Amino acid sequence: MKMIHTADWQLGKPFARFPSDVRSALTEARLDAIDRIAGVAAGTGSNHVVVAGDVFDNVDPGDRIVGQAVSRMERAAVTWWLMPGNHDHSRAGGLWSRVRRLAPANVRIVDTPEPVEMEEGAWLLPAPLEHRKTVLDPTAAMVDMATPPGSLRIGLAHGSITEFGATGESSNIIPPDRARSAGLDYLALGDWHGFLAVGNRTAYSGTPETDRFGRDEPGACVAVDARAGDAPVFERVETGRFRWLSRRWELATVEDLERELGALRDEERLSDVLLSLRLGGVASLAQRVDIMSIVESHVAHELRHLDLDAEGFIAKPTVEDVARIDVQGALAAASTMLQELADGGGANSHVASAALERLYVEAMRYDAEAAG
């Protein structure tokens, strides 16, 4: 049987720290991932999509999110198997009762730990979560789940393989040999947001749309070809739109910046990139001002979002830099003092450098206005 394994959609995630336009784009991208997963299913000849928990980001994602999710799944020519995870755990009369009332025939909710026949000869063994955290192994019941002899046994669970968490701190722990002990042909896992194979019969699909910095790879699902008694064949298939990239650039000149930008543009379409950027290096005052102007006035607008940390990018004013600050009297004395403090490397050198840069920018602006 061919199927698609996915998890951790977390539909309705708020992305509260981002501006409203970025929040809206990220929210829609997570819904659009449903359509992309359906496309992967069609392209691989898969009739089933199993979702290993955290379909929704919380137990009350809102009517629009639920309605959008159901309507998008309804128009796909596959059967969707949805299981509660820790973010959208099952509770009487809660979220999953609402989803069940709206669900069309091709959307199946598996919120009880009982085997269910997916198609002739193939059974799904789910381990839905009833609580956000539990110290119990949610897959333990799979060992005793009976299926007809020779059946294909597909496990579906949400939790952490033992090695992931620190002793005494992890919850929803799943032993790494559960596929073997429960006689599973494939164990589809959710909770870890990146793709990870655990042996030859178990895998985390990762999220279909990346949602945090620290994972440069795009979101994905897993295409699985499972055969009773044999090791399955499975591969990661990219589905994500947005890339969450982390970079550190060491700069001294505008040319350094253009080189780094060129490499990034060759790699990705910047309008689909959220970039966590740390700048480092030492530049002249003039070069630093030009670089920061380009980053803040152009690069930030070309990207979907920019998280910028320029604290490690230091300005070392040259004689020419200070000479361009054409001021007299008290300001001239102040610029000289600030340069000495900046060059001294003491506790206040960063503050002095920032102040001298501000003075430089204002002097340049004044000269430009006067010339105009």
# chains A, B, ... in the order shown; residues from 1 in each chain; ligands from 1
>>> residues_around(residues="region 11-16 of chain A", least_positions_apart="4", cutoff="7 Å", atoms="only C-alpha atoms", output="mmCIF file with all heavy atoms, in the first residue's frame")
data_model
loop_
_atom_site.group_PDB
_atom_site.id
_atom_site.type_symbol
_atom_site.label_atom_id
_atom_site.label_comp_id
_atom_site.auth_asym_id
_atom_site.auth_seq_id
_atom_site.Cartn_x
_atom_site.Cartn_y
_atom_site.Cartn_z
ATOM 1 N N ARG A 23 2.291 37.268 9.632
ATOM 2 C CA ARG A 23 1.416 36.288 10.292
ATOM 3 C C ARG A 23 0.404 35.720 9.313
ATOM 4 O O ARG A 23 0.170 34.508 9.265
ATOM 5 C CB ARG A 23 0.680 36.930 11.475
ATOM 6 C CG ARG A 23 1.570 37.292 12.644
ATOM 7 C CD ARG A 23 0.740 37.455 13.915
ATOM 8 N NE ARG A 23 -0.329 38.434 13.778
ATOM 9 C CZ ARG A 23 -0.191 39.728 14.059
ATOM 10 N NH1 ARG A 23 0.982 40.197 14.465
ATOM 11 N NH2 ARG A 23 -1.212 40.556 13.935
ATOM 12 N N THR A 27 0.149 31.819 8.131
ATOM 13 C CA THR A 27 -1.089 31.088 8.408
ATOM 14 C C THR A 27 -1.637 30.446 7.143
ATOM 15 O O THR A 27 -2.033 29.266 7.130
ATOM 16 C CB THR A 27 -2.139 32.034 9.013
ATOM 17 O OG1 THR A 27 -1.670 32.510 10.276
ATOM 18 C CG2 THR A 27 -3.467 31.328 9.216
ATOM 19 N N ARG A 30 0.329 27.366 5.842
ATOM 20 C CA ARG A 30 0.071 26.109 6.522
ATOM 21 C C ARG A 30 -1.184 25.446 5.975
ATOM 22 O O ARG A 30 -1.246 24.212 5.850
ATOM 23 C CB ARG A 30 -0.038 26.333 8.032
ATOM 24 C CG ARG A 30 1.207 26.978 8.627
ATOM 25 C CD ARG A 30 1.273 26.892 10.122
ATOM 26 N NE ARG A 30 1.746 25.590 10.569
ATOM 27 C CZ ARG A 30 3.006 25.170 10.440
ATOM 28 N NH1 ARG A 30 3.903 25.939 9.867
ATOM 29 N NH2 ARG A 30 3.353 23.985 10.881
ATOM 30 N N LEU A 31 -2.175 26.247 5.636
ATOM 31 C CA LEU A 31 -3.368 25.680 4.995
ATOM 32 C C LEU A 31 -3.048 25.200 3.582
ATOM 33 O O LEU A 31 -3.505 24.131 3.153
ATOM 34 C CB LEU A 31 -4.487 26.716 4.975
ATOM 35 C CG LEU A 31 -5.110 27.056 6.330
ATOM 36 C CD1 LEU A 31 -5.967 28.315 6.237
ATOM 37 C CD2 LEU A 31 -5.948 25.883 6.855
ATOM 38 N N VAL A 55 -2.635 18.134 14.122
ATOM 39 C CA VAL A 55 -3.264 18.709 12.936
ATOM 40 C C VAL A 55 -3.495 20.199 13.185
ATOM 41 O O VAL A 55 -3.251 21.034 12.316
ATOM 42 C CB VAL A 55 -4.604 18.006 12.635
ATOM 43 C CG1 VAL A 55 -5.286 18.638 11.419
ATOM 44 C CG2 VAL A 55 -4.392 16.510 12.421
ATOM 45 N N PHE A 56 -3.933 20.525 14.401
ATOM 46 C CA PHE A 56 -4.195 21.916 14.791
ATOM 47 C C PHE A 56 -3.211 22.335 15.879
ATOM 48 O O PHE A 56 -2.676 21.500 16.620
ATOM 49 C CB PHE A 56 -5.631 22.058 15.285
ATOM 50 C CG PHE A 56 -6.663 21.683 14.253
ATOM 51 C CD1 PHE A 56 -7.243 20.416 14.257
ATOM 52 C CD2 PHE A 56 -7.031 22.576 13.258
ATOM 53 C CE1 PHE A 56 -8.184 20.060 13.296
ATOM 54 C CE2 PHE A 56 -7.971 22.229 12.292
ATOM 55 C CZ PHE A 56 -8.545 20.963 12.310
ATOM 56 N N ASP A 57 -2.996 23.636 15.984
ATOM 57 C CA ASP A 57 -2.019 24.150 16.948
ATOM 58 C C ASP A 57 -2.544 24.141 18.366
ATOM 59 O O ASP A 57 -1.768 24.127 19.318
ATOM 60 C CB ASP A 57 -1.616 25.576 16.561
ATOM 61 C CG ASP A 57 -0.528 26.123 17.459
ATOM 62 O OD1 ASP A 57 0.570 25.542 17.458
ATOM 63 O OD2 ASP A 57 -0.784 27.118 18.172
ATOM 64 N N PRO A 61 -8.856 26.187 17.485
ATOM 65 C CA PRO A 61 -8.176 26.952 16.437
ATOM 66 C C PRO A 61 -9.066 27.954 15.713
ATOM 67 O O PRO A 61 -8.561 28.757 14.928
ATOM 68 C CB PRO A 61 -7.726 25.855 15.473
ATOM 69 C CG PRO A 61 -8.738 24.769 15.644
ATOM 70 C CD PRO A 61 -9.114 24.794 17.105
ATOM 71 N N ILE A 65 -10.304 28.194 10.476
ATOM 72 C CA ILE A 65 -9.209 27.241 10.301
ATOM 73 C C ILE A 65 -9.761 25.831 10.135
ATOM 74 O O ILE A 65 -9.353 25.083 9.231
ATOM 75 C CB ILE A 65 -8.244 27.308 11.492
ATOM 76 C CG1 ILE A 65 -7.536 28.667 11.539
ATOM 77 C CG2 ILE A 65 -7.229 26.172 11.431
ATOM 78 C CD1 ILE A 65 -6.638 28.945 10.361
#
>>> select_by_dssp(residues="region 31-143 of chain A", states="strand (DSSP E)", output="PDB file with all heavy atoms, in the first residue's frame")
ATOM      1  N   HIS A  48      -3.980   7.106   0.589  1.00  0.00           N
ATOM      2  CA  HIS A  48      -4.176   7.439   1.999  1.00  0.00           C
ATOM      3  C   HIS A  48      -3.135   8.450   2.458  1.00  0.00           C
ATOM      4  O   HIS A  48      -1.978   8.399   2.037  1.00  0.00           O
ATOM      5  CB  HIS A  48      -4.067   6.183   2.871  1.00  0.00           C
ATOM      6  CG  HIS A  48      -5.064   5.128   2.529  1.00  0.00           C
ATOM      7  ND1 HIS A  48      -6.336   5.096   3.051  1.00  0.00           N
ATOM      8  CD2 HIS A  48      -4.970   4.051   1.690  1.00  0.00           C
ATOM      9  CE1 HIS A  48      -6.991   4.048   2.562  1.00  0.00           C
ATOM     10  NE2 HIS A  48      -6.175   3.403   1.735  1.00  0.00           N
ATOM     11  N   VAL A  49      -3.564   9.357   3.347  1.00  0.00           N
ATOM     12  CA  VAL A  49      -2.658  10.277   4.035  1.00  0.00           C
ATOM     13  C   VAL A  49      -2.883  10.094   5.529  1.00  0.00           C
ATOM     14  O   VAL A  49      -3.999  10.291   6.017  1.00  0.00           O
ATOM     15  CB  VAL A  49      -2.915  11.742   3.648  1.00  0.00           C
ATOM     16  CG1 VAL A  49      -2.012  12.668   4.464  1.00  0.00           C
ATOM     17  CG2 VAL A  49      -2.683  11.964   2.163  1.00  0.00           C
ATOM     18  N   VAL A  50      -1.834   9.691   6.260  1.00  0.00           N
ATOM     19  CA  VAL A  50      -1.943   9.542   7.712  1.00  0.00           C
ATOM     20  C   VAL A  50      -1.259  10.742   8.363  1.00  0.00           C
ATOM     21  O   VAL A  50      -0.149  11.114   8.003  1.00  0.00           O
ATOM     22  CB  VAL A  50      -1.330   8.219   8.198  1.00  0.00           C
ATOM     23  CG1 VAL A  50      -2.094   7.035   7.613  1.00  0.00           C
ATOM     24  CG2 VAL A  50       0.138   8.096   7.855  1.00  0.00           C
ATOM     25  N   VAL A  51      -1.966  11.355   9.309  1.00  0.00           N
ATOM     26  CA  VAL A  51      -1.458  12.559   9.978  1.00  0.00           C
ATOM     27  C   VAL A  51      -1.202  12.210  11.445  1.00  0.00           C
ATOM     28  O   VAL A  51      -2.146  11.998  12.211  1.00  0.00           O
ATOM     29  CB  VAL A  51      -2.448  13.731   9.863  1.00  0.00           C
ATOM     30  CG1 VAL A  51      -1.801  15.012  10.377  1.00  0.00           C
ATOM     31  CG2 VAL A  51      -2.903  13.915   8.417  1.00  0.00           C
ATOM     32  N   THR A  79      -7.993   9.403   1.174  1.00  0.00           N
ATOM     33  CA  THR A  79      -8.585   9.331   2.506  1.00  0.00           C
ATOM     34  C   THR A  79      -7.575   9.869   3.502  1.00  0.00           C
ATOM     35  O   THR A  79      -6.412   9.456   3.510  1.00  0.00           O
ATOM     36  CB  THR A  79      -8.955   7.884   2.867  1.00  0.00           C
ATOM     37  OG1 THR A  79      -9.907   7.384   1.927  1.00  0.00           O
ATOM     38  CG2 THR A  79      -9.566   7.818   4.268  1.00  0.00           C
ATOM     39  N   TRP A  80      -8.031  10.816   4.325  1.00  0.00           N
ATOM     40  CA  TRP A  80      -7.177  11.444   5.329  1.00  0.00           C
ATOM     41  C   TRP A  80      -7.485  10.810   6.677  1.00  0.00           C
ATOM     42  O   TRP A  80      -8.642  10.717   7.087  1.00  0.00           O
ATOM     43  CB  TRP A  80      -7.453  12.943   5.413  1.00  0.00           C
ATOM     44  CG  TRP A  80      -7.305  13.678   4.116  1.00  0.00           C
ATOM     45  CD1 TRP A  80      -8.226  13.762   3.097  1.00  0.00           C
ATOM     46  CD2 TRP A  80      -6.177  14.456   3.687  1.00  0.00           C
ATOM     47  NE1 TRP A  80      -7.748  14.535   2.066  1.00  0.00           N
ATOM     48  CE2 TRP A  80      -6.492  14.976   2.391  1.00  0.00           C
ATOM     49  CE3 TRP A  80      -4.959  14.780   4.258  1.00  0.00           C
ATOM     50  CZ2 TRP A  80      -5.612  15.786   1.683  1.00  0.00           C
ATOM     51  CZ3 TRP A  80      -4.081  15.588   3.555  1.00  0.00           C
ATOM     52  CH2 TRP A  80      -4.397  16.086   2.285  1.00  0.00           C
ATOM     53  N   TRP A  81      -6.443  10.395   7.387  1.00  0.00           N
ATOM     54  CA  TRP A  81      -6.574   9.792   8.706  1.00  0.00           C
ATOM     55  C   TRP A  81      -5.953  10.751   9.721  1.00  0.00           C
ATOM     56  O   TRP A  81      -4.737  10.924   9.766  1.00  0.00           O
ATOM     57  CB  TRP A  81      -5.886   8.430   8.737  1.00  0.00           C
ATOM     58  CG  TRP A  81      -6.436   7.486   7.710  1.00  0.00           C
ATOM     59  CD1 TRP A  81      -6.049   7.366   6.402  1.00  0.00           C
ATOM     60  CD2 TRP A  81      -7.497   6.554   7.900  1.00  0.00           C
ATOM     61  NE1 TRP A  81      -6.803   6.411   5.765  1.00  0.00           N
ATOM     62  CE2 TRP A  81      -7.703   5.892   6.662  1.00  0.00           C
ATOM     63  CE3 TRP A  81      -8.302   6.199   8.994  1.00  0.00           C
ATOM     64  CZ2 TRP A  81      -8.664   4.895   6.492  1.00  0.00           C
ATOM     65  CZ3 TRP A  81      -9.260   5.204   8.822  1.00  0.00           C
ATOM     66  CH2 TRP A  81      -9.435   4.570   7.589  1.00  0.00           C
ATOM     67  N   LEU A  82      -6.801  11.409  10.520  1.00  0.00           N
ATOM     68  CA  LEU A  82      -6.360  12.447  11.434  1.00  0.00           C
ATOM     69  C   LEU A  82      -6.350  11.930  12.866  1.00  0.00           C
ATOM     70  O   LEU A  82      -7.361  11.397  13.349  1.00  0.00           O
ATOM     71  CB  LEU A  82      -7.289  13.662  11.358  1.00  0.00           C
ATOM     72  CG  LEU A  82      -7.629  14.208   9.963  1.00  0.00           C
ATOM     73  CD1 LEU A  82      -8.506  15.457  10.111  1.00  0.00           C
ATOM     74  CD2 LEU A  82      -6.374  14.522   9.180  1.00  0.00           C
ATOM     75  N   VAL A 107     -12.527  11.983   5.188  1.00  0.00           N
ATOM     76  CA  VAL A 107     -11.756  12.443   6.350  1.00  0.00           C
ATOM     77  C   VAL A 107     -12.157  11.577   7.546  1.00  0.00           C
ATOM     78  O   VAL A 107     -13.288  11.620   8.012  1.00  0.00           O
ATOM     79  CB  VAL A 107     -12.010  13.929   6.654  1.00  0.00           C
ATOM     80  CG1 VAL A 107     -11.282  14.339   7.934  1.00  0.00           C
ATOM     81  CG2 VAL A 107     -11.554  14.790   5.490  1.00  0.00           C
ATOM     82  N   ARG A 108     -11.202  10.783   8.022  1.00  0.00           N
ATOM     83  CA  ARG A 108     -11.449   9.855   9.122  1.00  0.00           C
ATOM     84  C   ARG A 108     -10.669  10.300  10.354  1.00  0.00           C
ATOM     85  O   ARG A 108      -9.482  10.595  10.257  1.00  0.00           O
ATOM     86  CB  ARG A 108     -11.030   8.437   8.717  1.00  0.00           C
ATOM     87  CG  ARG A 108     -11.697   7.902   7.442  1.00  0.00           C
ATOM     88  CD  ARG A 108     -13.144   7.516   7.694  1.00  0.00           C
ATOM     89  NE  ARG A 108     -13.232   6.471   8.709  1.00  0.00           N
ATOM     90  CZ  ARG A 108     -13.099   5.163   8.464  1.00  0.00           C
ATOM     91  NH1 ARG A 108     -12.852   4.739   7.218  1.00  0.00           N
ATOM     92  NH2 ARG A 108     -13.221   4.275   9.435  1.00  0.00           N
ATOM     93  N   ILE A 109     -11.327  10.335  11.478  1.00  0.00           N
ATOM     94  CA  ILE A 109     -10.699  10.744  12.725  1.00  0.00           C
ATOM     95  C   ILE A 109     -10.453   9.506  13.577  1.00  0.00           C
ATOM     96  O   ILE A 109     -11.385   8.742  13.863  1.00  0.00           O
ATOM     97  CB  ILE A 109     -11.582  11.750  13.474  1.00  0.00           C
ATOM     98  CG1 ILE A 109     -11.762  13.005  12.617  1.00  0.00           C
ATOM     99  CG2 ILE A 109     -10.973  12.124  14.824  1.00  0.00           C
ATOM    100  CD1 ILE A 109     -12.885  13.895  13.055  1.00  0.00           C
ATOM    101  N   VAL A 116      -8.081   0.087  13.029  1.00  0.00           N
ATOM    102  CA  VAL A 116      -9.129   0.377  12.068  1.00  0.00           C
ATOM    103  C   VAL A 116      -8.635  -0.017  10.683  1.00  0.00           C
ATOM    104  O   VAL A 116      -7.474   0.201  10.336  1.00  0.00           O
ATOM    105  CB  VAL A 116      -9.522   1.879  12.117  1.00  0.00           C
ATOM    106  CG1 VAL A 116      -8.309   2.772  11.874  1.00  0.00           C
ATOM    107  CG2 VAL A 116     -10.619   2.192  11.130  1.00  0.00           C
ATOM    108  N   GLU A 117      -9.502  -0.641   9.898  1.00  0.00           N
ATOM    109  CA  GLU A 117      -9.111  -1.118   8.576  1.00  0.00           C
ATOM    110  C   GLU A 117      -9.097   0.042   7.587  1.00  0.00           C
ATOM    111  O   GLU A 117     -10.098   0.728   7.394  1.00  0.00           O
ATOM    112  CB  GLU A 117     -10.060  -2.212   8.095  1.00  0.00           C
ATOM    113  CG  GLU A 117      -9.569  -2.946   6.864  1.00  0.00           C
ATOM    114  CD  GLU A 117     -10.396  -4.165   6.527  1.00  0.00           C
ATOM    115  OE1 GLU A 117     -11.580  -4.212   6.929  1.00  0.00           O
ATOM    116  OE2 GLU A 117      -9.866  -5.085   5.859  1.00  0.00           O
ATOM    117  N   MET A 118      -7.948   0.267   6.968  1.00  0.00           N
ATOM    118  CA  MET A 118      -7.800   1.335   5.989  1.00  0.00           C
ATOM    119  C   MET A 118      -8.325   0.898   4.627  1.00  0.00           C
ATOM    120  O   MET A 118      -9.012   1.647   3.938  1.00  0.00           O
ATOM    121  CB  MET A 118      -6.327   1.741   5.882  1.00  0.00           C
ATOM    122  CG  MET A 118      -5.712   2.207   7.184  1.00  0.00           C
ATOM    123  SD  MET A 118      -3.941   2.558   7.040  1.00  0.00           S
ATOM    124  CE  MET A 118      -3.959   4.118   6.139  1.00  0.00           C
ATOM    125  N   GLU A 119      -7.956  -0.278   4.244  1.00  0.00           N
ATOM    126  CA  GLU A 119      -8.461  -0.931   3.045  1.00  0.00           C
ATOM    127  C   GLU A 119      -8.232  -2.418   3.252  1.00  0.00           C
ATOM    128  O   GLU A 119      -7.612  -2.836   4.238  1.00  0.00           O
ATOM    129  CB  GLU A 119      -7.762  -0.425   1.786  1.00  0.00           C
ATOM    130  CG  GLU A 119      -6.273  -0.656   1.754  1.00  0.00           C
ATOM    131  CD  GLU A 119      -5.633  -0.102   0.482  1.00  0.00           C
ATOM    132  OE1 GLU A 119      -5.831   1.088   0.169  1.00  0.00           O
ATOM    133  OE2 GLU A 119      -4.928  -0.884  -0.182  1.00  0.00           O
ATOM    134  N   ALA A 122      -5.106  -4.016   5.130  1.00  0.00           N
ATOM    135  CA  ALA A 122      -4.246  -2.980   5.714  1.00  0.00           C
ATOM    136  C   ALA A 122      -4.952  -2.337   6.901  1.00  0.00           C
ATOM    137  O   ALA A 122      -6.089  -1.868   6.771  1.00  0.00           O
ATOM    138  CB  ALA A 122      -3.900  -1.921   4.677  1.00  0.00           C
ATOM    139  N   TRP A 123      -4.262  -2.302   8.043  1.00  0.00           N
ATOM    140  CA  TRP A 123      -4.858  -1.795   9.280  1.00  0.00           C
ATOM    141  C   TRP A 123      -4.003  -0.682   9.871  1.00  0.00           C
ATOM    142  O   TRP A 123      -2.777  -0.745   9.859  1.00  0.00           O
ATOM    143  CB  TRP A 123      -4.995  -2.929  10.297  1.00  0.00           C
ATOM    144  CG  TRP A 123      -6.047  -3.930   9.900  1.00  0.00           C
ATOM    145  CD1 TRP A 123      -5.926  -4.884   8.933  1.00  0.00           C
ATOM    146  CD2 TRP A 123      -7.359  -4.036  10.438  1.00  0.00           C
ATOM    147  NE1 TRP A 123      -7.101  -5.602   8.837  1.00  0.00           N
ATOM    148  CE2 TRP A 123      -8.000  -5.104   9.746  1.00  0.00           C
ATOM    149  CE3 TRP A 123      -8.065  -3.358  11.425  1.00  0.00           C
ATOM    150  CZ2 TRP A 123      -9.302  -5.502  10.023  1.00  0.00           C
ATOM    151  CZ3 TRP A 123      -9.371  -3.752  11.712  1.00  0.00           C
ATOM    152  CH2 TRP A 123      -9.977  -4.800  11.016  1.00  0.00           C
ATOM    153  N   LEU A 124      -4.702   0.316  10.405  1.00  0.00           N
ATOM    154  CA  LEU A 124      -4.047   1.431  11.070  1.00  0.00           C
ATOM    155  C   LEU A 124      -4.185   1.240  12.578  1.00  0.00           C
ATOM    156  O   LEU A 124      -5.279   1.007  13.095  1.00  0.00           O
ATOM    157  CB  LEU A 124      -4.693   2.756  10.647  1.00  0.00           C
ATOM    158  CG  LEU A 124      -4.037   4.037  11.181  1.00  0.00           C
ATOM    159  CD1 LEU A 124      -2.638   4.203  10.597  1.00  0.00           C
ATOM    160  CD2 LEU A 124      -4.904   5.251  10.831  1.00  0.00           C
ATOM    161  N   LEU A 125      -3.049   1.350  13.288  1.00  0.00           N
ATOM    162  CA  LEU A 125      -3.027   1.191  14.741  1.00  0.00           C
ATOM    163  C   LEU A 125      -2.665   2.546  15.353  1.00  0.00           C
ATOM    164  O   LEU A 125      -1.485   2.905  15.452  1.00  0.00           O
ATOM    165  CB  LEU A 125      -1.991   0.140  15.155  1.00  0.00           C
ATOM    166  CG  LEU A 125      -2.354  -1.341  14.966  1.00  0.00           C
ATOM    167  CD1 LEU A 125      -2.665  -1.681  13.514  1.00  0.00           C
ATOM    168  CD2 LEU A 125      -1.210  -2.229  15.462  1.00  0.00           C
ATOM    169  N   PRO A 126      -3.665   3.344  15.737  1.00  0.00           N
ATOM    170  CA  PRO A 126      -3.396   4.707  16.226  1.00  0.00           C
ATOM    171  C   PRO A 126      -3.144   4.754  17.729  1.00  0.00           C
ATOM    172  O   PRO A 126      -3.628   3.906  18.484  1.00  0.00           O
ATOM    173  CB  PRO A 126      -4.687   5.448  15.869  1.00  0.00           C
ATOM    174  CG  PRO A 126      -5.747   4.392  15.988  1.00  0.00           C
ATOM    175  CD  PRO A 126      -5.109   3.086  15.578  1.00  0.00           C
ATOM    176  N   ALA A 127      -2.394   5.776  18.131  1.00  0.00           N
ATOM    177  CA  ALA A 127      -2.145   6.037  19.554  1.00  0.00           C
ATOM    178  C   ALA A 127      -2.468   7.497  19.841  1.00  0.00           C
ATOM    179  O   ALA A 127      -1.570   8.306  20.107  1.00  0.00           O
ATOM    180  CB  ALA A 127      -0.698   5.715  19.906  1.00  0.00           C
TER     181      ALA A 127
END
>>> residues_around(residues="Val143 (chain A)", least_positions_apart="5", cutoff="10 Å", atoms="only C-alpha atoms", output="PyMOL selection string")
chain A and resi 125+178-184
>>> write_last_selection(atoms="N, CA and C atoms", output="CSV table (one decimal), in the first residue's frame")
chain,number,residue,atom,x,y,z
A,125,LEU,N,-3.0,1.3,13.3
A,125,LEU,CA,-3.0,1.2,14.7
A,125,LEU,C,-2.7,2.5,15.4
A,178,ARG,N,9.7,0.2,19.0
A,178,ARG,CA,8.2,-0.1,19.0
A,178,ARG,C,7.8,-0.8,17.7
A,179,ALA,N,8.3,-0.5,16.6
A,179,ALA,CA,7.9,-1.2,15.4
A,179,ALA,C,8.1,-2.7,15.4
A,180,ARG,N,9.3,-3.0,16.0
A,180,ARG,CA,9.6,-4.5,16.1
A,180,ARG,C,8.7,-5.1,17.1
A,181,SER,N,8.6,-4.5,18.3
A,181,SER,CA,7.9,-5.2,19.4
A,181,SER,C,6.4,-5.3,19.1
A,182,ALA,N,5.8,-4.4,18.3
A,182,ALA,CA,4.4,-4.5,18.0
A,182,ALA,C,4.1,-5.1,16.6
A,183,GLY,N,5.1,-5.6,16.0
A,183,GLY,CA,5.0,-6.2,14.7
A,183,GLY,C,4.4,-5.3,13.6
A,184,LEU,N,5.0,-4.0,13.6
A,184,LEU,CA,4.5,-3.0,12.7
A,184,LEU,C,5.3,-3.1,11.4
>>> closest_residue(among="A:Ser276, A:Asn86, A:Ser246, A:Thr139", to="Arg215 (chain A)", atoms="only C-alpha atoms")
A:Ser246
>>> residues_around(residues="region 32-36 of chain A", least_positions_apart="2", cutoff="8 Å", atoms="only C-alpha atoms", output="list in words")
Glu28, Ala29, Arg30, Ala38, Gly39, Val40, Ala69, Arg72, Met73, Ala76, Pro208, Glu209, Thr239 and Gly240 of chain A
